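upload08.cif (mmCIF, C-alpha atoms and all ligand atoms) appears below.
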```
data_data
loop_
_atom_site.label_atom_id
_atom_site.label_comp_id
_atom_site.auth_asym_id
_atom_site.auth_seq_id
_atom_site.Cartn_x
_atom_site.Cartn_y
_atom_site.Cartn_z
CA MET A 258 -23.85 -4.32 22.92
CA ARG A 259 -22.18 -6.81 25.31
CA ARG A 260 -18.82 -5.78 26.79
CA ASP A 261 -16.94 -8.57 24.91
CA ASP A 262 -18.55 -7.53 21.63
CA LEU A 263 -17.75 -3.91 22.34
CA ILE A 264 -14.08 -4.73 22.96
CA ARG A 265 -13.96 -6.88 19.81
CA TYR A 266 -15.66 -4.16 17.79
CA THR A 267 -13.45 -1.32 19.02
CA CYS A 268 -10.29 -3.41 18.55
CA ARG A 269 -11.18 -4.38 15.00
CA PRO A 270 -8.80 -3.21 12.30
CA LEU A 271 -9.99 -0.24 10.29
CA LEU A 272 -9.57 -2.14 7.04
CA GLU A 273 -9.89 -5.92 6.79
CA ILE A 274 -9.06 -7.54 3.46
CA ARG A 275 -10.13 -11.17 3.35
CA GLY A 276 -9.51 -13.86 0.71
CA LEU A 277 -9.26 -11.37 -2.14
CA ASN A 278 -8.90 -12.83 -5.63
CA LEU A 279 -8.62 -10.66 -8.69
CA GLU A 280 -8.11 -11.51 -12.35
CA PHE A 281 -7.46 -9.29 -15.37
CA GLY A 282 -9.00 -10.43 -18.65
CA THR A 283 -6.37 -10.14 -21.40
CA PRO A 284 -6.13 -11.45 -24.99
CA ARG A 285 -3.55 -13.98 -23.71
CA GLY A 286 -5.87 -15.28 -20.98
CA ARG A 287 -6.72 -14.40 -17.39
CA VAL A 288 -3.94 -12.84 -15.32
CA HIS A 289 -4.31 -13.80 -11.64
CA ALA A 290 -3.00 -10.58 -10.13
CA LEU A 291 -4.27 -11.21 -6.57
CA ARG A 292 -4.59 -14.65 -5.02
CA ASN A 293 -6.31 -15.13 -1.70
CA VAL A 294 -4.95 -11.90 -0.22
CA SER A 295 -5.81 -11.29 3.45
CA LEU A 296 -4.47 -8.26 5.25
CA ASP A 297 -5.44 -5.97 8.13
CA VAL A 298 -4.78 -2.26 8.43
CA PRO A 299 -5.20 -1.36 12.11
CA ALA A 300 -6.40 2.11 13.09
CA ALA A 301 -3.68 4.78 13.19
CA GLN A 302 -1.01 2.40 11.88
CA VAL A 303 1.14 2.43 8.75
CA VAL A 304 1.17 -0.85 6.81
CA GLY A 305 3.81 -1.30 4.12
CA ILE A 306 3.40 -3.48 1.04
CA VAL A 307 6.68 -4.61 -0.50
CA GLY A 308 7.63 -6.95 -3.33
CA GLU A 309 9.24 -6.92 -6.76
CA SER A 310 7.63 -5.18 -9.69
CA GLY A 311 4.62 -7.13 -10.96
CA SER A 312 3.79 -8.72 -7.61
CA GLY A 313 0.35 -7.05 -7.39
CA LYS A 314 1.05 -4.16 -5.02
CA SER A 315 -0.62 -1.48 -7.14
CA THR A 316 -3.52 -3.78 -7.99
CA LEU A 317 -4.17 -4.24 -4.26
CA ALA A 318 -3.96 -0.48 -3.61
CA TYR A 319 -6.31 0.33 -6.50
CA THR A 320 -8.77 -2.39 -5.44
CA VAL A 321 -9.05 -0.81 -1.99
CA MET A 322 -9.68 2.57 -3.65
CA GLY A 323 -12.17 1.11 -6.14
CA LEU A 324 -10.12 2.51 -9.03
CA LEU A 325 -9.64 -0.64 -11.10
CA SER A 326 -9.51 -0.85 -14.87
CA GLU A 327 -12.47 -2.25 -16.83
CA ASN A 328 -10.86 -5.65 -17.44
CA ALA A 329 -10.43 -6.31 -13.70
CA ASP A 330 -12.66 -8.93 -12.14
CA VAL A 331 -12.78 -9.52 -8.38
CA THR A 332 -13.70 -13.21 -8.21
CA ALA A 333 -13.72 -13.67 -4.43
CA GLY A 334 -13.14 -11.93 -1.13
CA SER A 335 -14.17 -8.88 0.84
CA ILE A 336 -12.73 -5.52 1.92
CA LEU A 337 -14.34 -4.49 5.19
CA PHE A 338 -13.99 -0.81 6.06
CA GLU A 339 -15.77 0.59 9.11
CA GLY A 340 -17.96 -2.50 9.07
CA LYS A 341 -18.98 -2.27 5.39
CA ASP A 342 -17.76 -4.40 2.49
CA LEU A 343 -16.37 -1.91 -0.03
CA LEU A 344 -16.88 -4.46 -2.79
CA LYS A 345 -20.63 -4.63 -2.12
CA ILE A 346 -21.72 -1.05 -1.38
CA PRO A 347 -23.44 0.93 -4.17
CA THR A 348 -21.14 2.81 -6.57
CA GLN A 349 -22.47 6.18 -5.39
CA GLU A 350 -21.72 5.44 -1.74
CA ARG A 351 -18.28 4.16 -2.70
CA ARG A 352 -17.51 7.32 -4.70
CA SER A 353 -18.49 9.53 -1.82
CA LEU A 354 -15.95 7.72 0.40
CA LEU A 355 -13.16 8.72 -1.98
CA GLY A 356 -11.55 12.00 -1.07
CA ASP A 357 -13.39 11.86 2.25
CA ARG A 358 -12.70 8.73 4.30
CA LEU A 359 -10.24 7.28 1.75
CA SER A 360 -7.49 9.31 0.07
CA MET A 361 -4.74 8.34 -2.34
CA ILE A 362 -1.28 9.55 -3.32
CA PHE A 363 0.03 8.27 -6.67
CA GLN A 364 3.58 7.71 -7.90
CA ASP A 365 3.14 10.41 -10.54
CA PRO A 366 1.63 13.54 -8.96
CA MET A 367 0.16 14.58 -12.31
CA THR A 368 -2.17 11.56 -12.10
CA ALA A 369 -3.98 13.32 -9.27
CA LEU A 370 -3.65 16.95 -10.39
CA ASN A 371 -5.60 18.60 -13.17
CA PRO A 372 -3.04 20.43 -15.35
CA VAL A 373 -5.44 23.16 -16.50
CA ARG A 374 -6.71 24.25 -13.08
CA THR A 375 -4.92 26.15 -10.33
CA VAL A 376 -3.82 24.36 -7.19
CA GLU A 377 -6.13 26.70 -5.30
CA SER A 378 -9.31 25.64 -7.07
CA GLN A 379 -8.37 21.95 -6.81
CA MET A 380 -7.61 22.25 -3.10
CA ILE A 381 -10.90 24.02 -2.44
CA ASP A 382 -12.89 21.50 -4.50
CA ILE A 383 -11.42 18.53 -2.66
CA GLN A 384 -12.99 19.86 0.54
CA HIS A 385 -16.53 19.57 -0.84
CA HIS A 386 -17.48 17.23 2.03
CA GLU A 387 -16.33 19.77 4.61
CA GLN A 388 -18.23 22.59 6.26
CA GLY A 389 -17.17 26.20 5.75
CA SER A 390 -17.06 29.05 3.28
CA ARG A 391 -14.79 29.25 0.26
CA SER A 392 -12.42 31.61 2.04
CA GLU A 393 -12.23 29.28 5.06
CA LYS A 394 -11.41 26.37 2.74
CA ARG A 395 -8.78 28.50 1.00
CA ALA A 396 -7.22 29.34 4.37
CA ARG A 397 -7.15 25.62 5.29
CA ALA A 398 -5.49 24.83 1.96
CA ILE A 399 -2.82 27.48 2.52
CA GLU A 400 -2.19 26.16 6.02
CA MET A 401 -1.79 22.62 4.63
CA LEU A 402 0.59 23.80 1.88
CA HIS A 403 2.61 25.46 4.61
CA ARG A 404 2.61 22.20 6.63
CA VAL A 405 4.01 20.22 3.68
CA GLY A 406 6.79 22.76 3.16
CA ILE A 407 5.65 24.79 0.14
CA PRO A 408 7.40 28.15 0.49
CA ASP A 409 5.20 31.25 0.34
CA PRO A 410 1.93 29.26 0.05
CA GLN A 411 -0.17 32.43 0.13
CA SER A 412 0.93 33.38 -3.38
CA ARG A 413 1.94 29.91 -4.68
CA ILE A 414 -1.57 28.55 -4.20
CA GLY A 415 -2.72 30.48 -7.28
CA ALA A 416 -0.20 28.67 -9.54
CA TYR A 417 -0.86 25.78 -11.93
CA PRO A 418 0.63 22.32 -11.25
CA HIS A 419 3.30 22.71 -13.97
CA HIS A 420 4.70 25.73 -12.13
CA PHE A 421 5.90 23.37 -9.38
CA SER A 422 8.91 21.01 -9.48
CA GLY A 423 8.29 17.23 -9.22
CA GLY A 424 9.05 17.15 -5.48
CA MET A 425 6.85 20.19 -4.79
CA ARG A 426 4.01 18.69 -6.85
CA GLN A 427 4.14 15.53 -4.74
CA ARG A 428 3.95 17.75 -1.63
CA VAL A 429 0.87 19.44 -3.09
CA CYS A 430 -0.68 15.98 -3.62
CA ILE A 431 0.09 14.98 -0.02
CA ALA A 432 -1.47 18.24 1.15
CA MET A 433 -4.58 17.52 -0.94
CA ALA A 434 -4.84 13.92 0.21
CA LEU A 435 -4.56 14.88 3.88
CA LEU A 436 -6.63 18.05 3.77
CA VAL A 437 -9.78 15.97 4.07
CA LYS A 438 -8.42 14.15 7.15
CA PRO A 439 -9.05 10.69 5.73
CA ALA A 440 -9.37 7.56 7.84
CA ILE A 441 -7.05 5.76 5.42
CA LEU A 442 -4.42 7.13 3.08
CA VAL A 443 -3.33 4.78 0.29
CA ALA A 444 0.07 5.74 -1.12
CA ASP A 445 1.37 3.86 -4.18
CA GLU A 446 5.14 4.40 -4.54
CA PRO A 447 4.77 8.10 -3.64
CA THR A 448 8.51 8.69 -3.51
CA THR A 449 9.76 6.51 -6.37
CA ALA A 450 9.94 9.39 -8.85
CA LEU A 451 11.90 11.59 -6.43
CA ASP A 452 15.62 11.74 -5.70
CA ALA A 453 16.96 10.25 -2.47
CA THR A 454 17.12 13.48 -0.43
CA LEU A 455 13.58 14.45 -1.36
CA GLU A 456 12.41 10.93 -0.60
CA VAL A 457 13.70 11.16 2.98
CA GLN A 458 11.98 14.55 3.44
CA ILE A 459 8.67 13.26 2.09
CA ILE A 460 8.80 10.12 4.27
CA HIS A 461 9.38 12.22 7.40
CA LEU A 462 6.60 14.56 6.37
CA LEU A 463 4.17 11.67 5.84
CA LYS A 464 5.05 10.21 9.22
CA ASP A 465 4.51 13.54 11.01
CA LEU A 466 1.19 14.20 9.29
CA GLN A 467 -0.03 10.62 9.83
CA LYS A 468 0.61 10.97 13.57
CA GLU A 469 -1.02 14.38 13.69
CA ILE A 470 -4.16 13.32 11.81
CA GLY A 471 -4.22 9.84 13.37
CA CYS A 472 -5.07 8.17 10.06
CA SER A 473 -3.97 4.74 8.85
CA VAL A 474 -1.71 4.46 5.82
CA LEU A 475 -1.32 1.68 3.27
CA PHE A 476 2.13 2.43 1.91
CA VAL A 477 3.23 0.63 -1.25
CA SER A 478 6.93 0.77 -1.98
CA HIS A 479 9.75 -1.33 -3.32
CA HIS A 480 12.15 0.75 -1.23
CA LEU A 481 12.74 -1.26 1.94
CA GLY A 482 14.56 1.58 3.71
CA ALA A 483 11.51 3.83 3.34
CA VAL A 484 9.24 1.04 4.61
CA ALA A 485 11.48 0.42 7.65
CA GLU A 486 11.41 4.14 8.43
CA LEU A 487 7.69 4.73 8.04
CA CYS A 488 5.76 1.52 8.70
CA ASP A 489 4.50 -0.30 11.78
CA ARG A 490 3.60 -3.46 9.86
CA VAL A 491 4.71 -4.99 6.55
CA ALA A 492 3.13 -7.39 4.05
CA VAL A 493 5.45 -9.02 1.52
CA MET A 494 3.83 -9.77 -1.84
CA TYR A 495 5.04 -12.23 -4.44
CA ALA A 496 3.21 -13.14 -7.66
CA GLY A 497 -0.13 -11.85 -6.38
CA GLU A 498 0.08 -13.42 -2.92
CA VAL A 499 0.94 -12.07 0.50
CA VAL A 500 3.68 -14.57 1.38
CA GLU A 501 4.60 -13.07 4.74
CA GLN A 502 3.32 -10.37 7.08
CA GLY A 503 4.11 -9.08 10.53
CA SER A 504 5.48 -6.16 12.49
CA VAL A 505 8.21 -4.19 10.74
CA ARG A 506 10.70 -5.37 13.36
CA ASP A 507 9.91 -9.07 12.87
CA ILE A 508 9.96 -8.88 9.08
CA PHE A 509 13.29 -7.05 8.96
CA HIS A 510 15.04 -8.92 11.79
CA ASN A 511 13.49 -12.36 11.64
CA PRO A 512 12.13 -12.97 8.12
CA GLY A 513 10.45 -16.36 7.87
CA HIS A 514 9.95 -16.72 4.11
CA PRO A 515 12.88 -17.38 1.73
CA TYR A 516 11.49 -14.67 -0.57
CA THR A 517 11.54 -12.06 2.21
CA ARG A 518 15.13 -13.05 3.00
CA ALA A 519 16.08 -12.76 -0.69
CA LEU A 520 14.45 -9.30 -0.92
CA LEU A 521 16.34 -8.10 2.16
CA GLU A 522 19.65 -9.49 0.88
CA CYS A 523 19.22 -7.54 -2.36
CA ASP A 524 18.38 -4.25 -0.67
CA PRO A 525 21.10 -1.73 -1.61
CA GLY A 526 20.66 -0.02 1.77
CA ARG A 527 21.65 -3.19 3.63
CA LEU A 528 24.70 -4.26 1.59
CA LYS A 529 27.71 -4.56 3.87
CA LYS A 530 30.41 -4.43 1.15
CA SER A 531 30.63 -1.85 -1.62
CA THR A 532 29.92 -3.36 -5.02
CA ARG A 533 29.66 -2.29 -8.65
CA THR A 534 26.80 -4.63 -9.45
CA LEU A 535 23.71 -4.69 -7.28
CA PRO A 536 22.56 -8.20 -6.37
CA THR A 537 19.22 -9.38 -7.70
CA ILE A 538 17.09 -12.42 -6.94
CA PRO A 539 17.99 -14.98 -9.64
CA GLY A 540 15.22 -16.00 -12.05
CA GLU A 541 12.05 -14.15 -12.93
CA VAL A 542 8.65 -13.42 -11.43
CA PRO A 543 6.41 -16.27 -12.71
CA ASN A 544 3.75 -15.92 -15.36
CA LEU A 545 0.43 -15.14 -13.67
CA LEU A 546 -1.71 -16.71 -16.39
CA GLY A 547 -3.70 -19.80 -15.45
CA SER A 548 -4.11 -21.62 -12.16
CA LYS A 549 -1.31 -22.40 -9.78
CA GLN A 550 0.06 -25.56 -8.27
CA GLY A 551 2.65 -25.59 -5.51
CA CYS A 552 4.70 -22.64 -4.34
CA LEU A 553 5.14 -19.88 -6.93
CA PHE A 554 8.60 -19.00 -5.59
CA ARG A 555 10.01 -22.53 -5.83
CA SER A 556 11.96 -22.11 -9.11
CA ARG A 557 13.93 -19.25 -7.50
CA CYS A 558 14.23 -20.75 -4.02
CA GLY A 559 17.46 -22.45 -2.89
CA GLN A 560 15.56 -24.52 -0.30
CA ALA A 561 12.72 -25.87 -2.46
CA PHE A 562 11.83 -29.56 -2.08
CA ASN A 563 9.26 -31.96 -3.54
CA ARG A 564 6.32 -30.64 -1.62
CA CYS A 565 6.88 -27.14 -3.04
CA VAL A 566 6.05 -28.53 -6.51
CA GLN A 567 2.90 -30.39 -5.46
CA ASP A 568 1.20 -28.50 -2.64
CA ASN A 569 0.14 -24.90 -2.25
CA PRO A 570 1.74 -23.61 0.97
CA VAL A 571 -0.64 -22.62 3.74
CA GLU A 572 -0.06 -19.91 6.33
CA TYR A 573 2.14 -20.76 9.31
CA ARG A 574 2.42 -18.65 12.43
CA ILE A 575 6.03 -17.76 13.23
CA GLY A 576 5.61 -15.43 16.21
CA VAL A 577 2.77 -13.79 18.07
CA ASP A 578 2.22 -11.38 15.24
CA GLN A 579 3.98 -12.86 12.18
CA VAL A 580 2.78 -15.36 9.57
CA ALA A 581 4.33 -16.75 6.38
CA GLN A 582 3.29 -19.17 3.64
CA CYS A 583 6.15 -21.66 3.21
CA HIS A 584 6.36 -25.44 3.59
CA LEU A 585 9.71 -25.06 5.39
CA LEU A 586 7.80 -23.64 8.34
CA ASP A 587 5.68 -26.77 8.77
CA GLN A 588 7.06 -28.20 12.01
CA GLY A 589 5.47 -31.56 11.32
CA ARG A 590 6.95 -32.05 7.81
CA SER A 591 8.79 -35.34 7.30
CA ALA A 592 12.51 -35.16 6.46
CA SER A 593 12.00 -37.06 3.19
CA ALA A 594 9.17 -34.80 1.97
N1 LIG B 601 -5.08 -3.50 -16.44
C1 LIG B 601 -4.35 -4.61 -16.48
N2 LIG B 601 -4.57 -5.57 -17.42
C2 LIG B 601 -3.86 -6.72 -17.44
N3 LIG B 601 -2.89 -7.03 -16.56
C3 LIG B 601 -2.61 -6.12 -15.60
C4 LIG B 601 -3.31 -4.87 -15.51
N4 LIG B 601 -2.81 -4.17 -14.45
C5 LIG B 601 -1.84 -4.95 -13.91
N5 LIG B 601 -1.71 -6.12 -14.60
C6 LIG B 601 -0.81 -7.24 -14.29
O1 LIG B 601 -1.02 -7.61 -12.93
C7 LIG B 601 0.21 -7.97 -12.31
C8 LIG B 601 0.42 -7.10 -11.08
O2 LIG B 601 0.66 -5.76 -11.49
P1 LIG B 601 0.83 -4.56 -10.46
O3 LIG B 601 -0.26 -4.62 -9.47
O4 LIG B 601 0.97 -3.32 -11.26
O5 LIG B 601 2.22 -4.92 -9.75
P2 LIG B 601 3.21 -4.01 -8.88
O6 LIG B 601 2.50 -2.76 -8.51
O7 LIG B 601 3.60 -4.87 -7.72
O8 LIG B 601 4.40 -3.75 -9.76
C9 LIG B 601 1.29 -7.79 -13.38
O9 LIG B 601 1.51 -9.06 -13.97
C10 LIG B 601 0.67 -6.84 -14.35
O10 LIG B 601 1.17 -7.05 -15.66
MG MG B 602 3.01 -0.76 -8.86
#
```
Would you mind writing the file out in structure tokens?
Ligand SMILES: Nc1ncnc2c1ncn2[C@@H]1O[C@H](COP(=O)(O)OP(=O)(O)O)[C@@H](O)[C@H]1O
Ligand SMILES: [Mg+2]
Amino acid sequence: MRRDDLIRYTCRPLLEIRGLNLEFGTPRGRVHALRNVSLDVPAAQVVGIVGESGSGKSTLAYTVMGLLSENADVTAGSILFEGKDLLKIPTQERRSLLGDRLSMIFQDPMTALNPVRTVESQMIDIQHHEQGSRSEKRARAIEMLHRVGIPDPQSRIGAYPHHFSGGMRQRVCIAMALLVKPAILVADEPTTALDATLEVQIIHLLKDLQKEIGCSVLFVSHHLGAVAELCDRVAVMYAGEVVEQGSVRDIFHNPGHPYTRALLECDPGRLKKSTRTLPTIPGEVPNLLGSKQGCLFRSRCGQAFNRCVQDNPVEYRIGVDQVAQCHLLDQGRSASA
């Protein structure tokens, strides 16, 4: 391999999502849940996905994991992981990546845990790709439960999932997801079902473990505070599109898209004055049925102009490492447009 190629290869992101389009077939028509989504997850970095409910965050996470429902149809795009397109590899190969190179934490821990089996047997089973005897795997599981803050893991490991509180169950899921030392951890709203104090603990725990293991994380959340705390990079999704992405610092301090600005203004953690009613972005997320023309945010955008109705916005570079899809960023646009 030539030196240039070697540098390019070693600097390549771990996960490269390119031009991903996904539709759900429904009795009302085809729901365009992902539209031309491109996103990189660099090695050993945490990438946050934010956006209102219904913007396609979970669909993106599940597509990466290959856990889509039957009515989902990927119509274009690729998901390159360690040089292979996850959308093209045989089902068997894809399955063997799950719980090995790719792990997931769900919003509801019971989605991942089997209610009729002990935590011990589930934590041993998840290590089926690993070397070692059953007792070695049990010892590793106990060590991991200890790492995620389960008190007295030696005896607790024999309990069933319903013997744990919600917060403890989510810790068990994190322990299971990280036990296999994945290359990528996909976490879909892992703290949404927890109260605020527990959320902070879990975020810190995830950050510590991510650094220790050196894995990448795709972290889906509508909680901007958690994203700011945990992530290196952020992608903002709206109506199935990534409308802006960049480093966490750029997105939070210098948002380029009116939707990102609106999201930040409505974040309860950033409100300067105390208020009884939390602000929301006026209007509703658009219907995702059918094809699109123009900018999907225009009916809710205070700065929309003619071009936003007619033309689909393309991606504009704002800084070295920040891009956004908005006609306002077109330096060459005419004043009358
Ligand atoms: N299995 C499905 N069948 C039909 N529509 C779906 C399905 N799953 C998700 N959707 C639709 O896709 C869009 C994106 O949903 P989702 O990815 O769950 O958003 P988010 O996680 O950002 O809240 C929504 O309009 C949702 O109703
Ligand atoms: Mg979701």
Residues within 8 Å of segment 371-384 of chain A, all atoms listed in the file, excluding chain neighbours under 3 positions, as a PDB file with C-alpha atoms, in the coordinates of the input:
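File around-v5.pdb, as written:
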```pdb
ATOM      1  CA  GLY A 356     -11.550  12.000  -1.070  1.00  0.00           C
ATOM      2  CA  MET A 367       0.160  14.580 -12.310  1.00  0.00           C
ATOM      3  CA  THR A 368      -2.170  11.560 -12.100  1.00  0.00           C
ATOM      4  CA  GLU A 387     -16.330  19.770   4.610  1.00  0.00           C
ATOM      5  CA  ARG A 391     -14.790  29.250   0.260  1.00  0.00           C
ATOM      6  CA  LYS A 394     -11.410  26.370   2.740  1.00  0.00           C
ATOM      7  CA  ARG A 395      -8.780  28.500   1.000  1.00  0.00           C
ATOM      8  CA  ALA A 398      -5.490  24.830   1.960  1.00  0.00           C
ATOM      9  CA  ILE A 414      -1.570  28.550  -4.200  1.00  0.00           C
ATOM     10  CA  GLY A 415      -2.720  30.480  -7.280  1.00  0.00           C
ATOM     11  CA  ALA A 416      -0.200  28.670  -9.540  1.00  0.00           C
ATOM     12  CA  TYR A 417      -0.860  25.780 -11.930  1.00  0.00           C
ATOM     13  CA  PRO A 418       0.630  22.320 -11.250  1.00  0.00           C
ATOM     14  CA  HIS A 419       3.300  22.710 -13.970  1.00  0.00           C
ATOM     15  CA  VAL A 429       0.870  19.440  -3.090  1.00  0.00           C
ATOM     16  CA  MET A 433      -4.580  17.520  -0.940  1.00  0.00           C
ATOM     17  CA  LEU A 436      -6.630  18.050   3.770  1.00  0.00           C
ATOM     18  CA  VAL A 437      -9.780  15.970   4.070  1.00  0.00           C
TER      19      VAL A 437
END
```
Next item on the list: List all protein, DNA and RNA residues that have any atom at most 7 Å from ligand LIG 601 (chain B), counting only C-alpha atoms and all ligand atoms, and write the list as a PyMOL selection string.
Entry: chain A and resi 281-283+288+290+308-317+326+328-329+497+545
Checklist line | Using all atoms listed in the file: which of A:Pro447, A:Pro515, A:Gly526, A:Pro366 has the shortest distance to Phe421 of chain A | finding: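 Residue with the minimum atom-to-atom distance to Phe421 of chain A: A:Pro366.
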Next item on the list: Work out how far apart atom CA of Asp507 of chain A and atom CA of Arg269 of chain A are and give it in Å to one decimal.
Entry: 21.7 Å
Next item on the list: Identify which of the residues A:Asp342, A:Asp330, A:Asp524, A:Asp578 lies closest to Gln502 of chain A, counting all atoms listed in the file when measuring atom-to-atom distances.
Entry: A:Asp578
Next item on the list: Name the closest residue to ligand MG 602 (chain B) among the candidates A:Leu279, A:Ala444, A:Cys268, A:Cys558; distances are taken between atoms, counting only C-alpha atoms and all ligand atoms.
Entry: A:Ala444
Find the nearest atom pair between each residue of segment 388-478 of chain A and segment 291-301 of chain A for residues within 9 Å, count all atoms listed in the file, give distances in Å to one decimal, sort rows by chain and ascending number, and present the table as JSON lines.
```
{"residue": "A:Ala440", "atom": "CA", "partner": "A:Ala300", "partner_atom": "CA", "distance": 8.1}
{"residue": "A:Ile441", "atom": "CA", "partner": "A:Ala300", "partner_atom": "CA", "distance": 8.5}
{"residue": "A:Gln467", "atom": "CA", "partner": "A:Ala301", "partner_atom": "CA", "distance": 7.7}
{"residue": "A:Lys468", "atom": "CA", "partner": "A:Ala301", "partner_atom": "CA", "distance": 7.5}
{"residue": "A:Ile470", "atom": "CA", "partner": "A:Ala301", "partner_atom": "CA", "distance": 8.7}
{"residue": "A:Gly471", "atom": "CA", "partner": "A:Ala301", "partner_atom": "CA", "distance": 5.1}
{"residue": "A:Cys472", "atom": "CA", "partner": "A:Ala301", "partner_atom": "CA", "distance": 4.8}
{"residue": "A:Ser473", "atom": "CA", "partner": "A:Ala301", "partner_atom": "CA", "distance": 4.3}
{"residue": "A:Val474", "atom": "CA", "partner": "A:Ala301", "partner_atom": "CA", "distance": 7.6}
{"residue": "A:Leu475", "atom": "CA", "partner": "A:Val298", "partner_atom": "CA", "distance": 7.4}
```
Check: Excluding same-chain residues fewer than 6 positions from Cys565 of chain A, what lies within 8 Å of it counting only C-alpha atoms, as a PyMOL selection string?
Finding: chain A and resi 551-552+555+584
Since fewer atoms than expected are present, regenerate N, CA, C and O atoms for segment 551-565 of chain A and write them as a PDB file, in the coordinates of the input.
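Contents of the output file selection13.pdb:
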```pdb
ATOM      1  N   GLY A 551       1.410 -25.688  -6.276  1.00  0.00           N
ATOM      2  CA  GLY A 551       2.650 -25.590  -5.510  1.00  0.00           C
ATOM      3  C   GLY A 551       3.000 -24.155  -5.197  1.00  0.00           C
ATOM      4  O   GLY A 551       2.195 -23.246  -5.364  1.00  0.00           O
ATOM      5  N   CYS A 552       4.244 -23.971  -4.735  1.00  0.00           N
ATOM      6  CA  CYS A 552       4.700 -22.640  -4.340  1.00  0.00           C
ATOM      7  C   CYS A 552       5.215 -21.890  -5.577  1.00  0.00           C
ATOM      8  O   CYS A 552       6.009 -22.418  -6.344  1.00  0.00           O
ATOM      9  N   LEU A 553       4.756 -20.654  -5.745  1.00  0.00           N
ATOM     10  CA  LEU A 553       5.140 -19.880  -6.930  1.00  0.00           C
ATOM     11  C   LEU A 553       6.598 -19.409  -6.883  1.00  0.00           C
ATOM     12  O   LEU A 553       7.150 -19.004  -7.890  1.00  0.00           O
ATOM     13  N   PHE A 554       7.211 -19.463  -5.716  1.00  0.00           N
ATOM     14  CA  PHE A 554       8.600 -19.000  -5.590  1.00  0.00           C
ATOM     15  C   PHE A 554       9.602 -20.148  -5.785  1.00  0.00           C
ATOM     16  O   PHE A 554      10.803 -19.943  -5.830  1.00  0.00           O
ATOM     17  N   ARG A 555       9.106 -21.378  -5.929  1.00  0.00           N
ATOM     18  CA  ARG A 555      10.010 -22.530  -5.830  1.00  0.00           C
ATOM     19  C   ARG A 555      11.156 -22.521  -6.848  1.00  0.00           C
ATOM     20  O   ARG A 555      12.267 -22.926  -6.525  1.00  0.00           O
ATOM     21  N   SER A 556      10.898 -22.032  -8.096  1.00  0.00           N
ATOM     22  CA  SER A 556      11.960 -22.110  -9.110  1.00  0.00           C
ATOM     23  C   SER A 556      13.109 -21.141  -8.790  1.00  0.00           C
ATOM     24  O   SER A 556      14.185 -21.244  -9.348  1.00  0.00           O
ATOM     25  N   ARG A 557      12.884 -20.215  -7.863  1.00  0.00           N
ATOM     26  CA  ARG A 557      13.930 -19.250  -7.500  1.00  0.00           C
ATOM     27  C   ARG A 557      14.442 -19.494  -6.088  1.00  0.00           C
ATOM     28  O   ARG A 557      15.256 -18.721  -5.584  1.00  0.00           O
ATOM     29  N   CYS A 558      13.946 -20.530  -5.446  1.00  0.00           N
ATOM     30  CA  CYS A 558      14.230 -20.750  -4.020  1.00  0.00           C
ATOM     31  C   CYS A 558      15.305 -21.820  -3.855  1.00  0.00           C
ATOM     32  O   CYS A 558      15.172 -22.924  -4.384  1.00  0.00           O
ATOM     33  N   GLY A 559      16.362 -21.493  -3.116  1.00  0.00           N
ATOM     34  CA  GLY A 559      17.460 -22.450  -2.890  1.00  0.00           C
ATOM     35  C   GLY A 559      17.058 -23.588  -1.976  1.00  0.00           C
ATOM     36  O   GLY A 559      17.758 -24.595  -1.886  1.00  0.00           O
ATOM     37  N   GLN A 560      15.936 -23.479  -1.266  1.00  0.00           N
ATOM     38  CA  GLN A 560      15.560 -24.520  -0.300  1.00  0.00           C
ATOM     39  C   GLN A 560      14.325 -25.313  -0.728  1.00  0.00           C
ATOM     40  O   GLN A 560      13.753 -26.033   0.091  1.00  0.00           O
ATOM     41  N   ALA A 561      13.952 -25.181  -2.013  1.00  0.00           N
ATOM     42  CA  ALA A 561      12.720 -25.870  -2.460  1.00  0.00           C
ATOM     43  C   ALA A 561      12.888 -27.385  -2.407  1.00  0.00           C
ATOM     44  O   ALA A 561      13.982 -27.903  -2.622  1.00  0.00           O
ATOM     45  N   PHE A 562      11.816 -28.095  -2.084  1.00  0.00           N
ATOM     46  CA  PHE A 562      11.830 -29.560  -2.080  1.00  0.00           C
ATOM     47  C   PHE A 562      10.538 -30.054  -2.721  1.00  0.00           C
ATOM     48  O   PHE A 562       9.719 -29.239  -3.188  1.00  0.00           O
ATOM     49  N   ASN A 563      10.375 -31.374  -2.771  1.00  0.00           N
ATOM     50  CA  ASN A 563       9.260 -31.960  -3.540  1.00  0.00           C
ATOM     51  C   ASN A 563       7.905 -31.332  -3.269  1.00  0.00           C
ATOM     52  O   ASN A 563       7.138 -31.062  -4.182  1.00  0.00           O
ATOM     53  N   ARG A 564       7.645 -31.127  -2.010  1.00  0.00           N
ATOM     54  CA  ARG A 564       6.320 -30.640  -1.620  1.00  0.00           C
ATOM     55  C   ARG A 564       6.006 -29.270  -2.233  1.00  0.00           C
ATOM     56  O   ARG A 564       4.850 -28.935  -2.475  1.00  0.00           O
ATOM     57  N   CYS A 565       7.069 -28.488  -2.482  1.00  0.00           N
ATOM     58  CA  CYS A 565       6.880 -27.140  -3.040  1.00  0.00           C
ATOM     59  C   CYS A 565       6.326 -27.216  -4.466  1.00  0.00           C
ATOM     60  O   CYS A 565       5.723 -26.268  -4.952  1.00  0.00           O
TER      61      CYS A 565
END
```
